[in-house]
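Chemist: My structure file structure.txt, compact mmCIF, C-alpha atoms, is below:
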# COMPACT_ATOMS: atom_id res chain seq x y z
CA MET J 942 0.00 0.00 0.00
CA LEU J 943 2.86 2.35 0.83
CA ASP J 944 6.04 2.82 -1.16
CA ALA J 945 8.98 1.14 0.58
CA GLY J 946 11.56 3.64 -0.71
CA THR J 947 10.15 6.85 0.77
CA PRO J 948 9.78 7.82 4.44
CA LEU J 949 6.45 6.39 5.61
CA PHE J 950 5.47 9.39 7.75
CA ALA J 951 5.74 11.64 4.67
CA GLN J 952 3.51 9.26 2.71
CA ILE J 953 0.90 9.28 5.48
CA ALA J 954 0.92 13.10 5.46
CA GLU J 955 0.61 13.09 1.67
CA ARG J 956 -2.32 10.62 1.64
CA LEU J 957 -4.23 12.68 4.21
CA ALA J 958 -3.48 15.89 2.30
CA ASP J 959 -4.77 14.23 -0.91
CA GLU J 960 -8.01 13.28 0.83
CA ILE J 961 -8.47 16.81 2.14
CA ALA J 962 -7.75 18.30 -1.31
CA ASP J 963 -10.23 15.85 -2.93
CA GLY J 964 -12.85 16.71 -0.34
CA ALA J 965 -12.98 13.06 0.78
CA LEU J 966 -12.08 14.38 4.22
CA ALA J 967 -14.31 17.43 4.62
CA GLU J 968 -13.45 20.43 6.74
CA GLY J 969 -14.51 19.88 10.32
CA GLU J 970 -14.46 16.10 9.82
CA ARG J 971 -12.50 13.86 12.19
CA VAL J 972 -9.39 12.28 10.66
CA PRO J 973 -8.40 8.71 11.58
CA SER J 974 -6.29 8.41 14.75
CA SER J 975 -2.66 7.35 14.60
CA ASN J 976 -3.64 3.89 15.88
CA GLU J 977 -6.32 3.55 13.20
CA LEU J 978 -3.88 4.59 10.48
CA ALA J 979 -1.22 2.26 11.92
CA ALA J 980 -3.57 -0.73 11.81
CA PHE J 981 -4.78 0.11 8.29
CA TYR J 982 -1.37 0.71 6.72
CA ARG J 983 0.37 -1.87 8.97
CA ILE J 984 2.90 0.61 10.25
CA ASN J 985 4.23 1.73 13.61
CA PRO J 986 1.78 4.07 15.44
CA ALA J 987 4.62 6.54 16.11
CA THR J 988 5.23 6.77 12.34
CA ALA J 989 1.54 7.46 11.71
CA ALA J 990 1.53 10.08 14.49
CA LYS J 991 4.51 11.81 12.87
CA GLY J 992 2.58 12.02 9.57
CA ILE J 993 -0.42 13.58 11.33
CA GLY J 994 1.97 15.93 13.12
CA ILE J 995 3.20 17.40 9.83
CA LEU J 996 -0.32 18.43 8.81
CA THR J 997 -0.99 19.76 12.31
CA ASP J 998 2.17 21.90 12.18
CA ASP J 999 0.99 23.23 8.80
CA GLY J 1000 -2.33 24.19 10.38
CA LEU J 1001 -4.31 21.81 8.13
CA LEU J 1002 -5.47 19.72 11.08
CA GLU J 1003 -6.48 20.85 14.52
CA LYS J 1004 -6.71 19.00 17.77
CA ARG J 1005 -9.87 18.89 19.82
CA ARG J 1006 -8.94 17.81 23.27
CA GLY J 1007 -10.11 14.34 24.17
CA ILE J 1008 -11.85 13.74 20.83
CA GLY J 1009 -9.13 13.65 18.19
CA MET J 1010 -7.83 15.47 15.15
CA PHE J 1011 -10.09 17.38 12.74
CA VAL J 1012 -9.67 19.03 9.34
CA ALA J 1013 -9.13 22.75 9.99
CA PRO J 1014 -11.37 25.39 8.38
CA GLY J 1015 -9.90 26.61 5.07
CA ALA J 1016 -7.58 23.58 4.81
CA ARG J 1017 -8.85 22.51 1.38
CA GLN J 1018 -8.51 25.98 -0.16
CA ARG J 1019 -4.98 26.32 1.19
CA LEU J 1020 -3.96 22.93 -0.18
CA LEU J 1021 -5.47 23.62 -3.60
CA GLY J 1022 -3.78 27.03 -3.72
CA GLU J 1023 -0.45 25.42 -2.91
CA ARG J 1024 -0.91 22.78 -5.59
CA ARG J 1025 -1.83 25.40 -8.22
CA ARG J 1026 1.36 27.26 -7.37
CA ARG J 1027 3.42 24.10 -7.89
CA PHE J 1028 1.50 22.92 -10.97
CA ALA J 1029 3.85 24.40 -13.59
CA GLU J 1030 6.95 23.08 -11.87
CA ARG J 1031 5.59 19.59 -11.28
CA TYR J 1032 3.70 18.96 -14.52
CA ILE J 1033 4.29 21.58 -17.23
CA GLU J 1034 8.10 21.74 -17.03
CA PRO J 1035 8.66 17.96 -17.42
CA LEU J 1036 5.97 17.89 -20.14
CA VAL J 1037 7.65 20.62 -22.16
CA ALA J 1038 11.10 19.07 -21.59
CA GLU J 1039 9.96 15.70 -22.97
CA ALA J 1040 8.09 17.36 -25.86
CA THR J 1041 11.25 19.28 -26.80
CA ARG J 1042 13.28 16.07 -26.69
CA LEU J 1043 10.79 14.44 -29.08
CA GLY J 1044 10.66 17.47 -31.38
CA ILE J 1045 7.02 18.24 -30.60
CA GLY J 1046 6.45 21.96 -31.12
CA THR J 1047 4.38 24.20 -28.85
CA GLY J 1048 1.45 24.34 -31.30
CA GLU J 1049 1.31 20.56 -31.59
CA LEU J 1050 1.59 20.23 -27.79
CA ILE J 1051 -1.40 22.53 -27.29
CA THR J 1052 -3.43 20.50 -29.80
CA LEU J 1053 -2.52 17.32 -27.93
CA ILE J 1054 -3.62 18.89 -24.63
CA HIS J 1055 -6.95 19.90 -26.19
CA GLU J 1056 -7.49 16.35 -27.49
CA SER J 1057 -6.62 14.77 -24.15
CA SER J 1058 -8.83 17.20 -22.28
CA HIS J 1059 -11.72 16.48 -24.68
CA ALA J 1060 -11.25 12.70 -24.31
CA GLN J 1061 -11.37 13.03 -20.52
CA GLY J 1062 -14.47 15.20 -20.73
CA GLY J 1063 -12.50 17.94 -19.04
CA VAL J 1064 -12.29 21.69 -19.19
CA THR J 1065 -12.59 23.21 -22.69
CA THR J 1066 -12.22 26.86 -23.49
CA MET R 365 15.30 8.86 30.97
CA THR R 366 17.07 5.54 31.56
CA PRO R 367 17.06 3.41 28.40
CA VAL R 368 15.24 0.08 28.73
CA VAL R 369 18.26 -1.74 27.35
CA SER R 370 21.79 -0.38 27.34
CA THR R 371 24.88 -2.29 26.28
CA THR R 372 28.45 -1.02 26.45
CA GLY R 373 31.34 -2.77 24.72
CA LEU R 374 29.49 -6.07 24.89
CA THR R 375 31.77 -8.89 23.72
CA ARG R 376 31.17 -12.64 23.60
CA ARG R 377 33.79 -15.20 22.63
CA TYR R 378 33.18 -18.88 21.98
CA ARG R 379 36.45 -20.79 21.99
CA GLY R 380 38.34 -17.96 20.35
CA GLN R 381 35.50 -17.08 17.96
CA LEU R 382 34.07 -13.58 18.39
CA ALA R 383 30.26 -13.81 18.37
CA LEU R 384 29.85 -10.23 19.60
CA ASP R 385 32.51 -7.58 19.22
CA ARG R 386 32.18 -4.48 21.42
CA VAL R 387 28.47 -3.96 20.84
CA SER R 388 27.15 -0.70 22.29
CA PHE R 389 23.60 0.47 21.78
CA ASP R 390 20.57 1.73 23.69
CA VAL R 391 16.90 0.92 23.29
CA GLU R 392 14.57 3.70 24.41
CA ASP R 393 11.30 3.09 26.20
CA GLY R 394 8.17 2.56 24.09
CA SER R 395 9.37 1.71 20.60
CA ILE R 396 9.60 -1.23 18.22
CA THR R 397 13.21 -1.79 17.25
CA GLY R 398 14.28 -4.21 14.53
CA LEU R 399 17.43 -6.19 15.20
CA LEU R 400 18.51 -6.97 11.67
CA GLY R 401 21.30 -8.96 10.13
CA SER R 402 22.05 -12.21 8.39
CA ASN R 403 22.01 -15.58 10.11
CA GLY R 404 25.00 -16.01 12.38
CA ALA R 405 25.56 -12.25 12.71
CA GLY R 406 25.18 -12.44 16.50
CA LYS R 407 21.53 -11.41 16.99
CA THR R 408 20.57 -14.48 19.06
CA THR R 409 23.65 -14.20 21.30
CA LEU R 410 22.85 -10.54 21.90
CA LEU R 411 19.22 -11.24 22.84
CA ARG R 412 20.20 -14.13 25.11
CA ILE R 413 22.65 -11.89 26.98
CA ILE R 414 19.98 -9.17 27.35
CA ALA R 415 17.63 -11.84 28.70
CA GLY R 416 20.22 -12.98 31.24
CA GLN R 417 20.45 -16.44 29.68
CA GLU R 418 24.06 -16.05 28.66
CA PHE R 419 26.97 -13.99 29.98
CA PRO R 420 29.26 -11.58 28.15
CA SER R 421 33.00 -12.24 27.99
CA ALA R 422 33.53 -8.50 28.37
CA GLY R 423 31.45 -5.34 28.49
CA GLN R 424 28.23 -4.55 30.24
CA VAL R 425 24.48 -4.96 29.78
CA ARG R 426 21.83 -3.04 31.72
CA VAL R 427 18.10 -3.75 31.50
CA PHE R 428 15.83 -1.30 33.34
CA GLY R 429 19.06 0.08 34.76
CA ALA R 430 20.20 -3.20 36.35
CA SER R 431 22.08 -6.33 35.40
CA PRO R 432 19.62 -8.98 34.13
CA ALA R 433 21.70 -12.00 35.20
CA GLU R 434 19.83 -14.00 37.85
CA ASN R 435 17.83 -10.89 38.66
CA GLU R 436 14.22 -11.99 39.27
CA GLN R 437 12.99 -8.36 39.48
CA VAL R 438 14.28 -7.65 35.98
CA LEU R 439 13.46 -11.03 34.40
CA ARG R 440 9.75 -10.78 35.28
CA ARG R 441 9.55 -7.53 33.33
CA MET R 442 10.83 -9.08 30.10
CA ALA R 443 9.88 -11.87 27.71
CA LEU R 444 12.10 -13.51 25.11
CA VAL R 445 10.45 -15.65 22.45
CA ARG R 446 13.11 -17.74 20.79
CA GLU R 447 13.33 -19.40 17.44
CA ASP R 448 12.54 -23.07 18.00
CA GLN R 449 11.67 -22.54 21.67
CA THR R 450 11.64 -25.82 23.61
CA TYR R 451 9.12 -26.63 26.34
CA PRO R 452 8.90 -29.34 28.98
CA ASP R 453 6.72 -32.21 27.79
CA PHE R 454 3.31 -30.91 28.74
CA ARG R 455 0.18 -29.68 27.05
CA VAL R 456 -0.53 -26.29 25.42
CA ARG R 457 -2.84 -25.21 28.25
CA HIS R 458 -0.16 -26.00 30.86
CA ALA R 459 2.43 -23.88 29.06
CA VAL R 460 -0.03 -20.99 28.88
CA ARG R 461 -0.96 -21.37 32.56
CA ALA R 462 2.69 -21.44 33.65
CA ALA R 463 3.34 -18.25 31.69
CA SER R 464 0.29 -16.58 33.29
CA TRP R 465 1.81 -17.17 36.74
CA PHE R 466 5.20 -15.80 35.78
CA TYR R 467 4.32 -12.53 34.00
CA PRO R 468 2.74 -9.79 36.16
CA ASN R 469 0.97 -8.06 33.21
CA TRP R 470 -0.37 -11.29 31.70
CA SER R 471 -3.65 -10.95 29.77
CA GLY R 472 -5.72 -14.15 29.83
CA GLU R 473 -8.21 -12.52 27.48
CA LEU R 474 -5.57 -11.79 24.85
CA ALA R 475 -4.05 -15.26 25.24
CA GLY R 476 -7.46 -16.85 24.63
CA ALA R 477 -8.09 -14.74 21.52
CA LEU R 478 -4.62 -15.49 20.09
CA LEU R 479 -4.89 -19.24 20.77
CA ALA R 480 -8.12 -19.22 18.76
CA ASP R 481 -6.61 -17.05 16.00
CA PHE R 482 -3.71 -19.44 15.49
CA GLY R 483 -5.93 -22.50 15.92
CA LEU R 484 -3.86 -23.99 18.74
CA PRO R 485 -5.48 -27.04 20.39
CA LEU R 486 -5.29 -26.52 24.17
CA GLY R 487 -5.21 -30.21 25.02
CA ARG R 488 -2.47 -31.16 22.54
CA ARG R 489 0.93 -32.25 23.92
CA ILE R 490 3.53 -29.72 22.86
CA SER R 491 5.76 -32.54 21.60
CA LYS R 492 2.98 -33.40 19.12
CA LEU R 493 2.69 -29.87 17.72
CA SER R 494 4.03 -29.02 14.28
CA ARG R 495 6.98 -26.64 14.09
CA GLY R 496 4.69 -23.79 13.00
CA MET R 497 2.28 -24.46 15.89
CA ARG R 498 5.16 -24.41 18.37
CA SER R 499 6.22 -21.05 16.94
CA ALA R 500 2.62 -19.81 17.25
CA LEU R 501 2.55 -20.88 20.91
CA GLY R 502 5.70 -18.82 21.55
CA ILE R 503 4.09 -15.82 19.86
CA VAL R 504 0.89 -16.20 21.94
CA ILE R 505 2.88 -16.27 25.18
CA GLY R 506 5.17 -13.44 24.10
CA LEU R 507 2.25 -11.14 23.24
CA ALA R 508 -0.07 -12.07 26.13
CA ALA R 509 2.77 -11.54 28.65
CA ARG R 510 2.60 -7.80 27.82
CA ALA R 511 6.09 -7.64 29.30
CA GLU R 512 7.59 -4.16 29.45
CA LEU R 513 10.45 -5.47 27.32
CA THR R 514 9.29 -8.01 24.75
CA MET R 515 11.87 -9.68 22.54
CA PHE R 516 11.15 -11.90 19.55
CA ASP R 517 14.06 -13.79 18.03
CA GLU R 518 13.03 -14.94 14.52
CA PRO R 519 9.81 -16.21 16.12
CA TYR R 520 8.19 -17.69 13.04
CA ALA R 521 9.95 -20.90 12.05
CA GLY R 522 7.43 -23.03 10.17
CA LEU R 523 4.81 -20.28 9.97
CA ASP R 524 3.42 -19.43 6.54
CA ALA R 525 2.98 -15.89 5.20
CA VAL R 526 -0.64 -15.69 6.39
CA ALA R 527 0.26 -16.63 9.97
CA ARG R 528 3.20 -14.23 9.95
CA GLN R 529 0.94 -11.42 8.82
CA MET R 530 -1.40 -12.31 11.68
CA PHE R 531 1.53 -12.04 14.09
CA TYR R 532 2.46 -8.57 12.77
CA ASP R 533 -1.17 -7.37 12.89
CA ARG R 534 -1.81 -8.64 16.43
CA LEU R 535 1.50 -7.24 17.64
CA LEU R 536 0.67 -3.80 16.21
CA ALA R 537 -2.89 -3.82 17.57
CA ASP R 538 -1.88 -4.80 21.10
CA TYR R 539 1.17 -2.53 21.05
CA ALA R 540 -1.07 0.42 20.14
CA GLU R 541 -3.34 -0.30 23.13
CA HIS R 542 -0.58 -1.31 25.53
CA PRO R 543 2.68 0.41 24.58
CA ARG R 544 5.83 -1.43 25.56
CA THR R 545 9.37 -1.85 24.29
CA VAL R 546 9.73 -4.44 21.56
CA LEU R 547 12.91 -5.86 20.07
CA LEU R 548 12.24 -7.93 16.97
CA SER R 549 15.08 -9.89 15.47
CA THR R 550 14.36 -10.84 11.87
CA HIS R 551 15.91 -11.42 8.49
CA LEU R 552 12.51 -10.93 6.77
CA ILE R 553 13.07 -7.20 6.64
CA ASP R 554 10.59 -6.30 3.88
CA GLU R 555 7.74 -7.99 5.76
CA ALA R 556 8.38 -6.34 9.10
CA ALA R 557 9.72 -3.00 7.83
CA GLY R 558 6.55 -1.00 8.44
CA LEU R 559 6.40 -2.01 12.10
CA LEU R 560 9.85 -0.77 12.95
CA GLU R 561 10.57 2.64 14.37
CA ARG R 562 14.29 2.04 14.70
CA VAL R 563 16.72 -0.47 13.29
CA VAL R 564 19.96 -1.86 14.64
CA VAL R 565 21.91 -3.80 12.01
CA ILE R 566 24.33 -6.42 13.30
CA ASP R 567 27.03 -7.69 10.97
CA ARG R 568 29.69 -10.19 12.08
CA GLY R 569 29.15 -9.39 15.73
CA ARG R 570 29.30 -5.63 15.30
CA VAL R 571 26.75 -2.84 15.08
CA ALA R 572 26.90 -1.90 11.39
CA LEU R 573 24.15 0.68 11.48
CA GLU R 574 21.75 2.17 14.03
CA ALA R 575 19.09 4.59 12.79
CA ALA R 576 15.43 5.58 12.66
CA ALA R 577 13.78 3.35 10.02
CA ASP R 578 12.18 6.30 8.23
CA ASP R 579 15.54 8.08 7.98
CA LEU R 580 16.87 5.18 5.93
CA ARG R 581 14.01 5.07 3.44
CA GLY R 582 15.02 7.19 0.48
CA SER R 583 18.47 7.87 1.99
CA VAL R 584 20.11 5.93 -0.83
CA THR R 585 19.03 6.15 -4.46
CA SER R 586 19.86 3.97 -7.40
CA VAL R 587 20.84 6.29 -10.27
CA SER R 588 20.95 4.77 -13.72
CA GLY R 589 21.27 5.90 -17.31
CA PRO R 590 24.01 6.84 -19.76
CA ALA R 591 27.37 6.41 -18.01
CA MET R 592 28.53 9.95 -18.81
CA ALA R 593 25.40 11.46 -17.31
CA VAL R 594 25.56 9.20 -14.23
CA LYS R 595 29.17 10.27 -13.63
CA GLU R 596 28.22 13.93 -13.96
CA PHE R 597 25.26 13.54 -11.61
CA THR R 598 27.09 11.62 -8.87
CA ALA R 599 30.36 13.58 -8.97
CA GLY R 600 31.47 14.45 -5.44
CA ARG R 601 28.66 12.45 -3.81
CA PRO R 602 29.29 9.32 -1.73
CA VAL R 603 28.37 6.14 -3.62
CA TRP R 604 28.13 2.48 -2.62
CA GLU R 605 28.27 0.50 -5.78
CA ARG R 606 28.89 1.10 -9.45
CA ARG R 607 27.79 -1.31 -12.13
CA GLN R 608 28.31 -0.76 -15.80
CA LEU R 609 26.95 -2.43 -18.90
CA ALA R 610 28.17 -1.08 -22.21
CA SER R 611 27.32 2.65 -22.17
CA GLN R 612 24.82 2.29 -19.30
CA GLU R 613 25.77 2.72 -15.67
CA SER R 614 23.97 2.18 -12.38
CA VAL R 615 25.19 3.69 -9.13
CA MET R 616 23.88 3.69 -5.56
CA MET R 617 24.18 7.22 -4.31
CA VAL R 618 24.06 8.03 -0.60
CA GLY R 619 22.12 11.09 0.58
CA VAL R 620 18.59 12.46 0.37
CA LEU R 621 17.79 14.09 -2.99
CA ASP R 622 16.09 17.48 -3.18
CA ASP R 623 13.87 18.98 -5.89
CA ALA R 624 16.89 20.45 -7.69
CA ASP R 625 18.50 16.98 -7.86
CA HIS R 626 15.33 15.54 -9.36
CA ALA R 627 15.15 18.31 -11.95
CA ARG R 628 18.81 17.76 -12.83
CA ALA R 629 18.26 13.99 -13.17
CA ARG R 630 15.35 14.65 -15.54
CA ALA R 631 17.46 16.98 -17.63
CA LEU R 632 20.22 14.32 -17.83
CA HIS R 633 17.63 11.60 -18.71
CA LEU R 634 18.53 9.56 -15.64
CA SER R 635 16.18 7.30 -13.79
CA LEU R 636 16.10 7.46 -10.00
CA GLU R 637 14.89 4.61 -7.81
CA PRO R 638 15.01 5.03 -4.02
CA LEU R 639 16.23 1.96 -2.13
CA THR R 640 13.89 0.18 0.26
CA LEU R 641 14.75 -0.29 3.93
CA GLN R 642 15.76 -3.89 3.18
CA GLN R 643 18.08 -2.84 0.35
CA VAL R 644 19.71 -0.16 2.50
CA VAL R 645 20.23 -2.62 5.36
CA VAL R 646 21.71 -5.30 3.10
CA HIS R 647 24.17 -2.83 1.61
CA ALA R 648 25.01 -1.26 4.98
CA ALA R 649 25.93 -4.70 6.33
CA GLY R 650 27.85 -5.49 3.13
CA THR R 651 29.90 -2.31 3.27
CA THR R 652 31.14 -3.01 6.81
CA ALA R 653 32.21 -6.42 5.62
CA ALA R 654 34.14 -4.74 2.82
CA GLY R 655 35.62 -2.28 5.31
CA LEU R 656 34.16 0.80 3.64
CA GLU R 657 33.27 3.82 5.70
CA GLU R 658 30.53 5.43 3.61
CA ARG R 659 27.89 3.81 5.77
CA THR R 660 28.62 6.34 8.50
CA SER R 661 27.31 9.12 6.28
CA VAL R 662 23.81 7.58 6.11
Is it possible to give me this structure as structure tokens?
Modeler:
Amino acid sequence: MLDAGTPLFAQIAERLADEIADGALAEGERVPSSNELAAFYRINPATAAKGIGILTDDGLLEKRRGIGMFVAPGARQRLLGERRRRFAERYIEPLVAEATRLGIGTGELITLIHESSHAQGGVTT
Amino acid sequence: MTPVVSTTGLTRRYRGQLALDRVSFDVEDGSITGLLGSNGAGKTTLLRIIAGQEFPSAGQVRVFGASPAENEQVLRRMALVREDQTYPDFRVRHAVRAASWFYPNWSGELAGALLADFGLPLGRRISKLSRGMRSALGIVIGLAARAELTMFDEPYAGLDAVARQMFYDRLLADYAEHPRTVLLSTHLIDEAAGLLERVVVIDRGRVALEAAADDLRGSVTSVSGPAMAVKEFTAGRPVWERRQLASQESVMMVGVLDDADHARARALHLSLEPLTLQQVVVHAAGTTAAGLEERTSV
């Protein structure tokens, strides 16, 4: 379930962040406890707690004493904003680099993006 | 805080053979530590000395701050489940009952649930159990003892993958509810990797590596691609192993990679594959054997 070549706590943080960004974990909703995550992913509870701790430090989760951890208000918007900022670096730059290597020009690349977007029923402008 | 286990310069000789060579390490309270290494590396000797069942030729061992040897106060607070544990010739229920008298934190409820999980027949003579069932009995006793220091030494001889997974799951579940200090000696590193918070790697009687498990994941990366590009990328970085085939090269590079490294690797058309915990441990043990010092930079 988890990738054996990357720190597990970072993967736990990433999975939870994905769920918040997707809306699967809604704002104000309780997130699984470190013991629940540990049992599900078959990892050490301290490792799971460290993953939760990263999101807490970032202010994406908040603790309610005696009940557990909850998704903080505004967490989804903040995560989506962050991902938009990193979109070019993570996706566009490698895409353009590979296209250049293959001799695909910018015009052709844009056509390909339109086609892919259409096939996925996505955003068209 | 006093470590649960602390060894200093622990050495054990058998007729001139060094089984343990100046082993020093601490185990902190409330963690699961993996004691890793190949067969014959000295893991069993180390655990037996911690459990007061064997004596060091030199050096010192402290458990809960005291010497474990013939120390009833200390021995009742720890459990050691051995590979191929032997029992007096009595029945499963007698072994379980004897354990329940010995261990102060014994849980009869947990023992009952585990006996059912592993399908152990209470009335069966232990001498008539299969190897796997005997291993399962050791696991049941080791978990139900809820000893403050619980040690498992390759506890799953004869157990199949399903039963081993059950052991890991039950250990994690009970550990979460009742935290304790666990030392798990194993050579099945991939299977147990997720459970471990720390690892101590023993190689030829010495501590080859001691680290937090998550610090090792991704700490070494296999870099492969055109040899020229690999050389450019890894210049000035510590590496463990170089392999070359025609114009292609593959190198294990030590050190965590940042975003800039990844971008550079993309530009050079290199592929990056982080090593798993098991791969890092195998190579860490191998490099001490070869006398290399790069391991210290992990």
Chemist: Find the residues of chain R in contact range of chain J, meaning any atom within 6 Å when counting all atoms listed in the file, and list them as a compact mmCIF listing (two decimals) with C-alpha atoms, keeping the file's coordinate frame.
Modeler:
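Output (selection-v4.txt):
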# COMPACT_ATOMS: atom_id res chain seq x y z
CA GLY R 558 6.55 -1.00 8.44
CA LEU R 559 6.40 -2.01 12.10
CA ASP R 578 12.18 6.30 8.23
CA ARG R 581 14.01 5.07 3.44
CA GLY R 582 15.02 7.19 0.48
CA PRO R 638 15.01 5.03 -4.02
CA LEU R 639 16.23 1.96 -2.13
CA THR R 640 13.89 0.18 0.26
Chemist: Would you list the contacts of Gly992 (chain J) as a list of chain:residue names, taking every protein, DNA or RNA residue within 6 Å and counting only C-alpha atoms, but skipping same-chain residues closer than 2 positions in sequence?
Modeler: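 So, after excluding close chain neighbours, the residues are J:Phe950, J:Ala951, J:Ile953, J:Ala954, J:Ala989, J:Ala990, J:Gly994, J:Ile995.
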Chemist: Under the rule that only C-alpha atoms are counted, which of R:Val563, R:Met497, R:Ile490, R:Met442 is the nearest residue to Trp470 (chain R)?
Modeler: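 Among the listed residues, R:Met442 lies closest to Trp470 (chain R).
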Chemist: Would you pick out the contacts of Leu1001 (chain J) at 6 Å or less, using all atoms listed in the file, so that residues sharing its chain but fewer than 3 positions from it are not included, and give the list as a list in words?
Modeler: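 Skipping anything fewer than 3 positions along the chain leaves Leu996, Thr997, Ala1013 and Ala1016 of chain J.
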Chemist: Can you pull out every residue within 9 Å of region 408-416 of chain R, counting all atoms listed in the file, but drop anything in the same chain fewer than 6 positions away, and send it as a short mmCIF file (atom, residue, chain, number, x, y, z; two decimals) with C-alpha atoms, in the frame of the given file?
Modeler:
data_model
loop_
_atom_site.label_atom_id
_atom_site.label_comp_id
_atom_site.auth_asym_id
_atom_site.auth_seq_id
_atom_site.Cartn_x
_atom_site.Cartn_y
_atom_site.Cartn_z
CA VAL R 369 18.26 -1.74 27.35
CA SER R 370 21.79 -0.38 27.34
CA THR R 371 24.88 -2.29 26.28
CA LEU R 374 29.49 -6.07 24.89
CA ARG R 376 31.17 -12.64 23.60
CA ALA R 383 30.26 -13.81 18.37
CA LEU R 384 29.85 -10.23 19.60
CA VAL R 387 28.47 -3.96 20.84
CA VAL R 425 24.48 -4.96 29.78
CA ARG R 426 21.83 -3.04 31.72
CA VAL R 427 18.10 -3.75 31.50
CA SER R 431 22.08 -6.33 35.40
CA PRO R 432 19.62 -8.98 34.13
CA ALA R 433 21.70 -12.00 35.20
CA GLU R 434 19.83 -14.00 37.85
CA ASN R 435 17.83 -10.89 38.66
CA LEU R 439 13.46 -11.03 34.40
CA MET R 442 10.83 -9.08 30.10
CA ALA R 443 9.88 -11.87 27.71
CA LEU R 444 12.10 -13.51 25.11
CA ARG R 446 13.11 -17.74 20.79
CA GLU R 447 13.33 -19.40 17.44
CA MET R 515 11.87 -9.68 22.54
CA PHE R 516 11.15 -11.90 19.55
CA ASP R 517 14.06 -13.79 18.03
CA GLU R 518 13.03 -14.94 14.52
CA LEU R 547 12.91 -5.86 20.07
CA SER R 549 15.08 -9.89 15.47
CA GLY R 569 29.15 -9.39 15.73
#
Chemist: Using Å and a single decimal, report how far CA of Arg510 (chain R) sits from CA of Ala463 (chain R).
Modeler: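 CA of Ala463 (chain R) sits 11.2 Å away from CA of Arg510 (chain R).
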Chemist: Suppose you want the space between CA of Glu613 (chain R) and CA of Ala591 (chain R); what is it in Å?
Modeler: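 Computing it gives 4.7 Å between the two atoms.
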Chemist: Can you measure CA of Val620 (chain R) to CA of Arg601 (chain R) for me? One decimal in Å is fine.
Modeler: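 These two atoms are separated by 10.9 Å.
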Chemist: Determine the nearest neighbour of Lys991 (chain J) from the options R:Pro543, R:Asp625, R:Glu561, R:Asp385, counting only C-alpha atoms.
Modeler: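 For Lys991 (chain J), the nearest of the given residues is R:Glu561.
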Chemist: Enclose the full set of atoms of region 466-478 of chain R listed in the file within a box whose edges lie along x, y and z, apply 8 Å of padding to each of the six sides, and report centre and edge lengths in Å to one decimal as JSON.
Modeler:
{"center_x": -1.5, "center_y": -12.5, "center_z": 28.1, "size_x": 29.4, "size_y": 24.8, "size_z": 32.1}
Chemist: Counting all atoms listed in the file, which of J:Ser974, J:Asp998, J:Ile1054, J:Phe1011 gets nearest to Ile1033 (chain J)?
Modeler: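 Of J:Ser974, J:Asp998, J:Ile1054, J:Phe1011, the one nearest Ile1033 (chain J), counting all atoms listed in the file, is J:Ile1054.
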Chemist: Do you know which residues lie at most 8 Å from (18.3, 5.6, -4.4), with coordinates as in the file and all atoms listed in the file counted, and could you write them as a list in words?
Modeler: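 Checked against the point, the hits come out as Gly946 of chain J; Gly582, Ser583, Val584, Thr585, Ser586, Val587, Met616, Met617, Val618, Leu636, Glu637, Pro638 and Leu639 of chain R.
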Chemist: Can you write out the residues you just picked, keeping C-alpha atoms, as a short mmCIF file (atom, residue, chain, number, x, y, z; two decimals), in the frame of the given file?
Modeler:
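And here's out-v3.cif as it stands now:
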data_model
loop_
_atom_site.label_atom_id
_atom_site.label_comp_id
_atom_site.auth_asym_id
_atom_site.auth_seq_id
_atom_site.Cartn_x
_atom_site.Cartn_y
_atom_site.Cartn_z
CA GLY J 946 11.56 3.64 -0.71
CA GLY R 582 15.02 7.19 0.48
CA SER R 583 18.47 7.87 1.99
CA VAL R 584 20.11 5.93 -0.83
CA THR R 585 19.03 6.15 -4.46
CA SER R 586 19.86 3.97 -7.40
CA VAL R 587 20.84 6.29 -10.27
CA MET R 616 23.88 3.69 -5.56
CA MET R 617 24.18 7.22 -4.31
CA VAL R 618 24.06 8.03 -0.60
CA LEU R 636 16.10 7.46 -10.00
CA GLU R 637 14.89 4.61 -7.81
CA PRO R 638 15.01 5.03 -4.02
CA LEU R 639 16.23 1.96 -2.13
#
